[in-house]
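Listing of start27.cif, mmCIF, C-alpha atoms
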```cif
data_work
#
loop_
_atom_site.group_PDB
_atom_site.id
_atom_site.type_symbol
_atom_site.label_atom_id
_atom_site.label_comp_id
_atom_site.auth_asym_id
_atom_site.auth_seq_id
_atom_site.Cartn_x
_atom_site.Cartn_y
_atom_site.Cartn_z
ATOM 1 C CA MET A 22 59.403 200.867 -16.987
ATOM 2 C CA GLU A 23 61.480 202.966 -14.616
ATOM 3 C CA ALA A 24 59.306 201.868 -11.663
ATOM 4 C CA ASN A 25 59.871 198.214 -12.569
ATOM 5 C CA ALA A 26 63.604 198.772 -12.833
ATOM 6 C CA VAL A 27 63.668 200.437 -9.418
ATOM 7 C CA GLU A 28 61.666 197.564 -7.922
ATOM 8 C CA GLN A 29 64.115 195.007 -9.370
ATOM 9 C CA VAL A 30 67.097 196.922 -7.983
ATOM 10 C CA ASP A 31 65.422 197.117 -4.556
ATOM 11 C CA LEU A 32 64.669 193.387 -4.683
ATOM 12 C CA VAL A 33 68.294 192.534 -5.510
ATOM 13 C CA THR A 34 69.522 194.860 -2.737
ATOM 14 C CA THR A 35 67.137 193.256 -0.236
ATOM 15 C CA LYS A 36 68.345 189.765 -1.174
ATOM 16 C CA ARG A 37 71.968 190.827 -0.711
ATOM 17 C CA ILE A 38 71.207 192.298 2.710
ATOM 18 C CA LYS A 39 69.392 189.125 3.784
ATOM 19 C CA ARG A 40 72.246 186.962 2.495
ATOM 20 C CA LYS A 41 74.815 188.983 4.461
ATOM 21 C CA ARG A 42 72.603 188.906 7.545
ATOM 22 C CA ASN A 43 72.136 185.139 7.305
ATOM 23 C CA TYR A 44 75.874 184.715 6.952
ATOM 24 C CA LYS A 45 76.687 186.928 9.941
ATOM 25 C CA GLN A 46 74.073 185.493 12.293
ATOM 26 C CA PRO A 47 75.592 182.025 12.872
ATOM 27 C CA TRP A 48 79.152 183.399 13.315
ATOM 28 C CA ILE A 49 79.666 181.140 16.311
ATOM 29 C CA LEU A 50 79.006 178.109 14.084
ATOM 30 C CA HIS A 51 81.606 179.294 11.578
ATOM 31 C CA PHE A 52 84.044 179.764 14.453
ATOM 32 C CA MET A 53 83.402 176.192 15.630
ATOM 33 C CA VAL A 54 84.120 174.851 12.127
ATOM 34 C CA LEU A 55 87.358 176.854 11.851
ATOM 35 C CA PRO A 56 89.676 174.283 13.587
ATOM 36 C CA ALA A 57 88.417 171.496 11.309
ATOM 37 C CA ALA A 58 88.831 173.749 8.250
ATOM 38 C CA ILE A 59 92.412 174.533 9.268
ATOM 39 C CA LEU A 60 93.226 170.839 9.700
ATOM 40 C CA VAL A 61 91.720 170.008 6.311
ATOM 41 C CA PHE A 62 93.757 172.806 4.719
ATOM 42 C CA ILE A 63 96.988 171.607 6.343
ATOM 43 C CA PHE A 64 96.597 167.878 5.749
ATOM 44 C CA SER A 65 94.536 167.828 2.518
ATOM 45 C CA TYR A 66 95.261 170.957 0.472
ATOM 46 C CA ILE A 67 98.905 171.734 1.221
ATOM 47 C CA PRO A 68 100.027 168.166 0.318
ATOM 48 C CA MET A 69 98.333 168.635 -3.067
ATOM 49 C CA THR A 70 101.417 170.562 -4.148
ATOM 50 C CA GLY A 71 103.002 167.119 -4.493
ATOM 51 C CA VAL A 72 101.114 166.547 -7.770
ATOM 52 C CA ILE A 73 103.955 168.504 -9.387
ATOM 53 C CA MET A 74 105.961 165.267 -9.206
ATOM 54 C CA ALA A 75 103.691 163.766 -11.870
ATOM 55 C CA PHE A 76 105.267 166.139 -14.411
ATOM 56 C CA GLN A 77 108.843 165.659 -13.200
ATOM 57 C CA ASP A 78 111.479 162.961 -13.064
ATOM 58 C CA TYR A 79 111.434 163.336 -9.299
ATOM 59 C CA LYS A 80 114.580 162.642 -7.331
ATOM 60 C CA PRO A 81 114.363 162.884 -3.512
ATOM 61 C CA ALA A 82 117.882 164.304 -3.351
ATOM 62 C CA LEU A 83 116.950 167.152 -5.726
ATOM 63 C CA GLY A 84 113.475 167.825 -4.335
ATOM 64 C CA MET A 85 110.526 169.184 -6.299
ATOM 65 C CA THR A 86 112.343 172.432 -7.123
ATOM 66 C CA GLY A 87 115.439 170.746 -8.545
ATOM 67 C CA SER A 88 114.001 167.685 -10.291
ATOM 68 C CA PRO A 89 113.886 167.905 -14.118
ATOM 69 C CA TRP A 90 110.555 168.461 -15.867
ATOM 70 C CA VAL A 91 109.372 165.746 -18.257
ATOM 71 C CA GLY A 92 105.870 166.974 -19.087
ATOM 72 C CA LEU A 93 103.350 164.210 -19.805
ATOM 73 C CA LYS A 94 105.931 161.431 -20.089
ATOM 74 C CA HIS A 95 104.569 159.414 -17.157
ATOM 75 C CA PHE A 96 100.967 159.795 -18.337
ATOM 76 C CA ARG A 97 101.877 158.500 -21.794
ATOM 77 C CA TYR A 98 103.711 155.547 -20.295
ATOM 78 C CA MET A 99 100.731 154.876 -18.026
ATOM 79 C CA LEU A 100 98.229 154.782 -20.899
ATOM 80 C CA GLU A 101 100.542 152.605 -23.022
ATOM 81 C CA ASN A 102 101.091 150.136 -20.185
ATOM 82 C CA ASP A 103 98.961 146.996 -20.620
ATOM 83 C CA TYR A 104 99.162 146.228 -16.910
ATOM 84 C CA PHE A 105 97.617 149.616 -16.083
ATOM 85 C CA ILE A 106 94.626 148.681 -18.241
ATOM 86 C CA GLN A 107 94.359 145.402 -16.307
ATOM 87 C CA ILE A 108 94.410 147.046 -12.868
ATOM 88 C CA THR A 109 91.885 149.644 -14.051
ATOM 89 C CA TRP A 110 89.564 146.834 -15.122
ATOM 90 C CA ASN A 111 90.111 145.083 -11.775
ATOM 91 C CA THR A 112 89.304 148.304 -9.917
ATOM 92 C CA LEU A 113 86.115 148.892 -11.902
ATOM 93 C CA PHE A 114 85.034 145.266 -11.473
ATOM 94 C CA PHE A 115 85.496 145.290 -7.702
ATOM 95 C CA ALA A 116 84.009 148.755 -7.187
ATOM 96 C CA CYS A 117 80.960 148.323 -9.444
ATOM 97 C CA THR A 118 80.159 144.856 -8.100
ATOM 98 C CA LYS A 119 80.414 146.086 -4.513
ATOM 99 C CA ILE A 120 78.195 149.094 -5.252
ATOM 100 C CA ILE A 121 75.496 146.895 -6.817
ATOM 101 C CA MET A 122 75.602 144.203 -4.131
ATOM 102 C CA ASN A 123 75.763 146.735 -1.280
ATOM 103 C CA LEU A 124 72.618 148.320 -2.679
ATOM 104 C CA ILE A 125 70.516 145.249 -3.499
ATOM 105 C CA ILE A 126 71.230 143.109 -0.422
ATOM 106 C CA PRO A 127 70.620 145.834 2.218
ATOM 107 C CA PHE A 128 67.469 146.873 0.325
ATOM 108 C CA ILE A 129 66.040 143.337 0.471
ATOM 109 C CA PHE A 130 67.255 142.727 4.017
ATOM 110 C CA ALA A 131 65.657 145.985 5.242
ATOM 111 C CA LEU A 132 62.322 144.919 3.719
ATOM 112 C CA LEU A 133 62.527 141.525 5.427
ATOM 113 C CA LEU A 134 63.642 142.972 8.763
ATOM 114 C CA ASN A 135 60.820 145.506 8.614
ATOM 115 C CA GLU A 136 58.332 142.627 8.667
ATOM 116 C CA VAL A 137 59.654 141.304 12.001
ATOM 117 C CA ARG A 138 57.089 142.292 14.639
ATOM 118 C CA ILE A 139 59.027 141.173 17.743
ATOM 119 C CA MET A 140 61.010 144.321 18.569
ATOM 120 C CA GLY A 141 63.571 142.532 20.733
ATOM 121 C CA LEU A 142 64.399 140.061 17.967
ATOM 122 C CA LYS A 143 64.442 142.832 15.370
ATOM 123 C CA ARG A 144 66.904 144.950 17.345
ATOM 124 C CA SER A 145 69.116 141.949 18.095
ATOM 125 C CA ILE A 146 69.378 141.047 14.408
ATOM 126 C CA GLN A 147 70.008 144.682 13.522
ATOM 127 C CA THR A 148 72.839 144.893 16.061
ATOM 128 C CA LEU A 149 74.458 141.636 14.924
ATOM 129 C CA VAL A 150 74.572 142.615 11.248
ATOM 130 C CA TYR A 151 75.756 146.132 12.114
ATOM 131 C CA LEU A 152 78.734 145.054 14.287
ATOM 132 C CA PRO A 153 81.147 144.044 11.467
ATOM 133 C CA HIS A 154 81.051 147.622 10.158
ATOM 134 C CA PHE A 155 83.043 148.744 13.208
ATOM 135 C CA LEU A 156 85.847 146.202 12.720
ATOM 136 C CA SER A 157 88.904 147.297 10.759
ATOM 137 C CA TRP A 158 90.098 145.343 7.751
ATOM 138 C CA VAL A 159 93.348 144.649 9.576
ATOM 139 C CA THR A 160 91.384 142.665 12.164
ATOM 140 C CA LEU A 161 89.005 141.060 9.690
ATOM 141 C CA SER A 162 91.780 140.103 7.278
ATOM 142 C CA GLY A 163 93.544 138.155 10.012
ATOM 143 C CA ILE A 164 90.320 136.303 10.778
ATOM 144 C CA LEU A 165 89.602 135.627 7.098
ATOM 145 C CA ILE A 166 93.145 134.404 6.384
ATOM 146 C CA ASP A 167 92.873 131.883 9.220
ATOM 147 C CA MET A 168 89.372 130.772 8.255
ATOM 148 C CA LEU A 169 89.955 130.560 4.487
ATOM 149 C CA ALA A 170 93.385 128.918 4.536
ATOM 150 C CA GLN A 171 93.623 125.478 2.935
ATOM 151 C CA THR A 172 93.667 123.968 6.418
ATOM 152 C CA GLY A 173 91.251 126.577 7.798
ATOM 153 C CA LEU A 174 87.804 126.141 9.271
ATOM 154 C CA VAL A 175 85.901 126.701 6.006
ATOM 155 C CA ASN A 176 87.924 124.173 4.002
ATOM 156 C CA GLN A 177 87.719 121.644 6.813
ATOM 157 C CA PHE A 178 83.934 121.982 6.785
ATOM 158 C CA ILE A 179 83.723 121.709 2.981
ATOM 159 C CA SER A 180 85.989 118.690 2.879
ATOM 160 C CA GLY A 181 84.291 116.954 5.793
ATOM 161 C CA VAL A 182 80.674 117.508 4.715
ATOM 162 C CA PHE A 183 80.825 117.563 0.909
ATOM 163 C CA GLY A 184 84.081 115.717 0.276
ATOM 164 C CA ILE A 185 85.405 118.558 -1.891
ATOM 165 C CA LYS A 186 89.104 119.306 -2.170
ATOM 166 C CA PRO A 187 90.291 122.388 -0.233
ATOM 167 C CA ILE A 188 89.724 125.651 -2.122
ATOM 168 C CA PHE A 189 92.552 128.161 -2.369
ATOM 169 C CA PHE A 190 90.332 131.179 -1.632
ATOM 170 C CA LEU A 191 93.146 133.742 -1.339
ATOM 171 C CA GLY A 192 95.552 132.176 -3.851
ATOM 172 C CA ASP A 193 93.289 131.564 -6.839
ATOM 173 C CA GLY A 194 92.380 134.693 -8.804
ATOM 174 C CA ASN A 195 88.720 133.906 -9.419
ATOM 175 C CA TRP A 196 88.109 132.730 -5.856
ATOM 176 C CA PHE A 197 89.949 135.772 -4.566
ATOM 177 C CA ARG A 198 87.532 138.083 -6.386
ATOM 178 C CA PHE A 199 84.588 136.159 -4.986
ATOM 179 C CA THR A 200 86.055 136.359 -1.468
ATOM 180 C CA ILE A 201 86.686 140.099 -1.714
ATOM 181 C CA ILE A 202 83.141 140.890 -2.819
ATOM 182 C CA VAL A 203 81.395 138.575 -0.345
ATOM 183 C CA SER A 204 83.487 139.729 2.627
ATOM 184 C CA ASP A 205 82.902 143.403 1.770
ATOM 185 C CA VAL A 206 79.147 142.881 1.490
ATOM 186 C CA TRP A 207 79.119 140.951 4.785
ATOM 187 C CA LYS A 208 80.971 143.779 6.515
ATOM 188 C CA GLU A 209 78.982 146.714 5.148
ATOM 189 C CA PHE A 210 75.430 145.567 4.413
ATOM 190 C CA GLY A 211 74.379 146.089 8.043
ATOM 191 C CA PHE A 212 75.291 149.779 7.891
ATOM 192 C CA ASN A 213 73.438 150.270 4.619
ATOM 193 C CA THR A 214 70.449 148.424 6.097
ATOM 194 C CA ILE A 215 70.279 151.076 8.828
ATOM 195 C CA ILE A 216 69.903 153.748 6.146
ATOM 196 C CA PHE A 217 66.977 151.951 4.528
ATOM 197 C CA LEU A 218 65.354 151.268 7.905
ATOM 198 C CA ALA A 219 65.588 154.968 8.700
ATOM 199 C CA ALA A 220 63.828 155.702 5.405
ATOM 200 C CA LEU A 221 61.169 153.120 6.268
ATOM 201 C CA SER A 222 60.479 154.838 9.593
ATOM 202 C CA GLY A 223 59.672 158.036 7.705
ATOM 203 C CA ILE A 224 56.832 156.525 5.675
ATOM 204 C CA ASN A 225 53.444 157.928 6.619
ATOM 205 C CA PRO A 226 51.478 155.212 8.546
ATOM 206 C CA ALA A 227 48.266 156.603 7.062
ATOM 207 C CA LEU A 228 49.273 155.080 3.728
ATOM 208 C CA TYR A 229 49.290 151.581 5.221
ATOM 209 C CA GLU A 230 45.995 152.228 7.011
ATOM 210 C CA ALA A 231 44.379 153.347 3.770
ATOM 211 C CA ALA A 232 45.734 150.252 2.014
ATOM 212 C CA GLU A 233 44.252 147.993 4.708
ATOM 213 C CA VAL A 234 40.879 149.693 4.338
ATOM 214 C CA ASP A 235 41.035 149.036 0.600
ATOM 215 C CA GLY A 236 41.805 145.371 1.260
ATOM 216 C CA GLY A 237 45.524 145.441 0.485
ATOM 217 C CA GLY A 238 47.580 142.789 2.282
ATOM 218 C CA ARG A 239 51.205 142.983 3.428
ATOM 219 C CA PHE A 240 52.543 141.969 0.031
ATOM 220 C CA LYS A 241 50.633 144.676 -1.836
ATOM 221 C CA GLN A 242 51.541 147.241 0.819
ATOM 222 C CA THR A 243 55.189 146.357 0.315
ATOM 223 C CA MET A 244 54.939 146.490 -3.484
ATOM 224 C CA TYR A 245 52.957 149.715 -3.774
ATOM 225 C CA ILE A 246 53.955 151.702 -0.660
ATOM 226 C CA THR A 247 57.193 150.477 0.907
ATOM 227 C CA ILE A 248 59.305 149.872 -2.184
ATOM 228 C CA PRO A 249 58.314 153.115 -3.991
ATOM 229 C CA SER A 250 59.083 155.025 -0.782
ATOM 230 C CA LEU A 251 62.587 153.498 -0.648
ATOM 231 C CA VAL A 252 63.415 154.128 -4.293
ATOM 232 C CA PRO A 253 64.490 157.800 -3.800
ATOM 233 C CA ILE A 254 67.010 156.952 -1.050
ATOM 234 C CA ALA A 255 68.246 154.010 -3.145
ATOM 235 C CA ILE A 256 68.823 156.394 -6.061
ATOM 236 C CA VAL A 257 70.732 158.774 -3.786
ATOM 237 C CA ILE A 258 72.966 155.979 -2.453
ATOM 238 C CA ALA A 259 73.629 154.592 -5.938
ATOM 239 C CA THR A 260 74.420 157.950 -7.538
ATOM 240 C CA LEU A 261 76.656 159.124 -4.686
ATOM 241 C CA ALA A 262 78.511 155.791 -4.826
ATOM 242 C CA LEU A 263 79.350 156.582 -8.447
ATOM 243 C CA GLY A 264 82.003 159.012 -7.198
ATOM 244 C CA ASN A 265 83.823 156.114 -5.520
ATOM 245 C CA VAL A 266 83.785 153.820 -8.519
ATOM 246 C CA LEU A 267 87.598 153.958 -8.721
ATOM 247 C CA ASN A 268 87.991 153.239 -5.003
ATOM 248 C CA ALA A 269 87.879 149.480 -4.564
ATOM 249 C CA ASN A 270 88.814 149.572 -0.847
ATOM 250 C CA PHE A 271 92.608 149.603 -0.555
ATOM 251 C CA ASP A 272 92.566 148.426 3.091
ATOM 252 C CA GLN A 273 90.682 145.253 2.284
ATOM 253 C CA ILE A 274 92.662 144.176 -0.772
ATOM 254 C CA PHE A 275 96.060 145.210 0.618
ATOM 255 C CA ASN A 276 95.554 143.038 3.697
ATOM 256 C CA LEU A 277 94.299 140.005 1.745
ATOM 257 C CA TYR A 278 96.136 139.889 -1.576
ATOM 258 C CA SER A 279 99.490 138.335 -2.465
ATOM 259 C CA PRO A 280 101.759 138.176 -5.547
ATOM 260 C CA LEU A 281 99.927 135.011 -6.619
ATOM 261 C CA ILE A 282 96.809 136.948 -7.602
ATOM 262 C CA TYR A 283 98.200 140.311 -8.756
ATOM 263 C CA GLN A 284 96.758 139.751 -12.225
ATOM 264 C CA GLN A 285 93.172 139.346 -10.949
ATOM 265 C CA GLY A 286 93.321 141.179 -7.615
ATOM 266 C CA ASP A 287 95.594 144.192 -8.073
ATOM 267 C CA ILE A 288 93.849 147.587 -8.124
ATOM 268 C CA ILE A 289 95.003 151.147 -8.785
ATOM 269 C CA ASP A 290 95.622 151.994 -5.126
ATOM 270 C CA THR A 291 97.719 148.896 -4.377
ATOM 271 C CA PHE A 292 99.637 149.422 -7.630
ATOM 272 C CA VAL A 293 100.401 153.020 -6.647
ATOM 273 C CA TYR A 294 101.564 151.848 -3.216
ATOM 274 C CA ARG A 295 103.993 149.314 -4.680
ATOM 275 C CA GLU A 296 105.295 151.570 -7.443
ATOM 276 C CA GLY A 297 105.618 154.663 -5.285
ATOM 277 C CA LEU A 298 106.690 153.494 -1.839
ATOM 278 C CA LEU A 299 108.263 150.098 -2.526
ATOM 279 C CA SER A 300 109.843 150.638 -5.952
ATOM 280 C CA GLY A 301 110.653 154.329 -5.550
ATOM 281 C CA GLN A 302 108.876 155.357 -8.794
ATOM 282 C CA PHE A 303 107.440 158.467 -7.173
ATOM 283 C CA SER A 304 106.653 160.396 -10.345
ATOM 284 C CA PHE A 305 104.933 157.513 -12.114
ATOM 285 C CA ALA A 306 102.900 156.623 -9.010
ATOM 286 C CA THR A 307 101.877 160.272 -8.627
ATOM 287 C CA ALA A 308 100.784 160.411 -12.277
ATOM 288 C CA VAL A 309 98.623 157.302 -11.864
ATOM 289 C CA ASN A 310 97.024 158.626 -8.682
ATOM 290 C CA LEU A 311 96.446 162.070 -10.219
ATOM 291 C CA PHE A 312 94.726 160.463 -13.201
ATOM 292 C CA LYS A 313 92.511 158.489 -10.836
ATOM 293 C CA SER A 314 91.702 161.607 -8.781
ATOM 294 C CA MET A 315 90.683 163.618 -11.837
ATOM 295 C CA ILE A 316 88.354 160.855 -13.054
ATOM 296 C CA SER A 317 86.889 160.543 -9.545
ATOM 297 C CA LEU A 318 86.280 164.303 -9.392
ATOM 298 C CA ILE A 319 84.367 164.201 -12.665
ATOM 299 C CA LEU A 320 82.310 161.228 -11.464
ATOM 300 C CA ILE A 321 81.503 162.968 -8.152
ATOM 301 C CA VAL A 322 80.195 166.043 -9.990
ATOM 302 C CA ILE A 323 78.101 163.828 -12.281
ATOM 303 C CA SER A 324 76.769 161.797 -9.334
ATOM 304 C CA TYR A 325 75.606 164.896 -7.447
ATOM 305 C CA ARG A 326 73.895 166.176 -10.586
ATOM 306 C CA LEU A 327 72.120 162.848 -11.012
ATOM 307 C CA ALA A 328 71.143 162.711 -7.332
ATOM 308 C CA TYR A 329 69.572 166.160 -7.576
ATOM 309 C CA LYS A 330 67.825 165.371 -10.871
ATOM 310 C CA PHE A 331 66.308 162.017 -9.906
ATOM 311 C CA ALA A 332 65.897 162.287 -6.118
ATOM 312 C CA GLY A 333 65.975 166.020 -5.372
ATOM 313 C CA TYR A 334 69.089 165.506 -3.175
ATOM 314 C CA ARG A 335 71.640 168.283 -2.914
ATOM 315 C CA ILE A 336 74.234 169.492 -0.432
ATOM 316 C CA PHE A 337 74.731 173.024 -1.743
#
```
Using structure tokens, write down the structure that the file contains.
Amino acid sequence: MEANAVEQVDLVTTKRIKRKRNYKQPWILHFMVLPAAILVFIFSYIPMTGVIMAFQDYKPALGMTGSPWVGLKHFRYMLENDYFIQITWNTLFFACTKIIMNLIIPFIFALLLNEVRIMGLKRSIQTLVYLPHFLSWVTLSGILIDMLAQTGLVNQFISGVFGIKPIFFLGDGNWFRFTIIVSDVWKEFGFNTIIFLAALSGINPALYEAAEVDGGGRFKQTMYITIPSLVPIAIVIATLALGNVLNANFDQIFNLYSPLIYQQGDIIDTFVYREGLLSGQFSFATAVNLFKSMISLILIVISYRLAYKFAGYRIF
């Protein structure tokens, strides 16, 4: 018994020594990360002290130290506000729909693009669908506003070819939702396709060779080799996206929406912007954003747990 106890103590001591040695060895790497860590601390952690405003009736003239404390007043008002429920639903609708569409469409497109045997054509298509990812929503929104206006190119085409009345894409709530989702998928599906193509390149060619020997055609190879090989990365993408389910892309909606479609198009981030910066309701806006951040933190933890459980993916 004593010998076993001594062996366990020695084993623990050895592990500690190895852990310290592994930590000390790449000291130059830690030194290289230090500037980025300092910037993150300055611009991400120090401003977090501003969450105190959520529990105060904040007045800029009094500052955070002089403003009166009101406890959970703003949180109660937030949860009792019917419009907050509406914008939460809008946020979930946009975010969940984008997550699903930005998973399914790149998945299918990667499978189709993988079947293209002319490398020049394949790379050209890949480049064309990838380019919109690099354009900002400020640029794209200007293009979309011009194209989707009632006298824009799209409505002129619809009216001229099909004889349909011009559609108010950015002024009708239902059409606005459709426009937001389609434009986001168009912008981002090329980037997500790259991820799936990278996963496809990692599939062992011997599997396809064995399938050919057994008489399996391209369709069966896709069904029984390609798709099962892509499922783990698809699970990782889907579960990690769960942490962003309350982020419906502020840049996109802010640059495209208008007061006409607040009821169907307003999300938490745009609501916080208007209430906090435009209306001066700093405490209420901080309470709403803090609520959103806490829910997002919980969802991120859950998503990483799910990614590790179902796909063996982990960062730490």
Taking a cut-off of 9 Å and counting all atoms listed in the file, can you build a table that, for each residue of region 183-224 of chain A near region 111-118 of chain A, reports the nearest atom pair and how far apart they are in Å (one decimal), sorted by chain then residue number, as CSV?
```
residue,atom,partner,partner_atom,distance
A:Arg198,CA,A:Phe115,CA,7.6
A:Ile201,CA,A:Phe115,CA,8.0
A:Ile202,CA,A:Phe115,CA,7.0
```
Between CA of Gly286 (chain A) and CA of Met69 (chain A) - distance in Å to one decimal: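 Taking CA of Met69 (chain A) and CA of Gly286 (chain A), their separation equals 28.3 Å.
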Counting only C-alpha atoms, the residue of A:Trp207, A:Trp196, A:Phe52, A:Tyr79 that sits nearest Gly297 (chain A): A:Tyr79
Residues in the PyMOL selection byres ((chain A and resi 88-105) around 8), expressed as a PyMOL selection string: chain A and resi 75-80+83-87+106-109+289+304-305+308-309
Spatial neighbours of Asp205 (chain A), max dist 12 Å, all atoms listed in the file, sep filter under 2 positions, as an MDAnalysis selection string: chainID A and resid 115:116 118:123 126 153:154 156:158 161:162 165 198:203 207:212 269:274 277
CA of Phe303 (chain A) to CA of Ile288 (chain A), distance in Å rounded to a single decimal: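 These two atoms are separated by 17.4 Å.
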As JSON: centre and edge lengths in Å, one decimal, of the axis-aligned box holding region 138-155 of chain A with 5 Å per side:
```
{"center_x": 70.1, "center_y": 144.4, "center_z": 15.4, "size_x": 36.0, "size_y": 18.7, "size_z": 20.6}
```
Straight-line distance linking CA of Phe128 (chain A) with CA of Leu327 (chain A), stated in Å to one decimal: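 For CA of Phe128 (chain A) relative to CA of Leu327 (chain A), the distance reads 20.1 Å.
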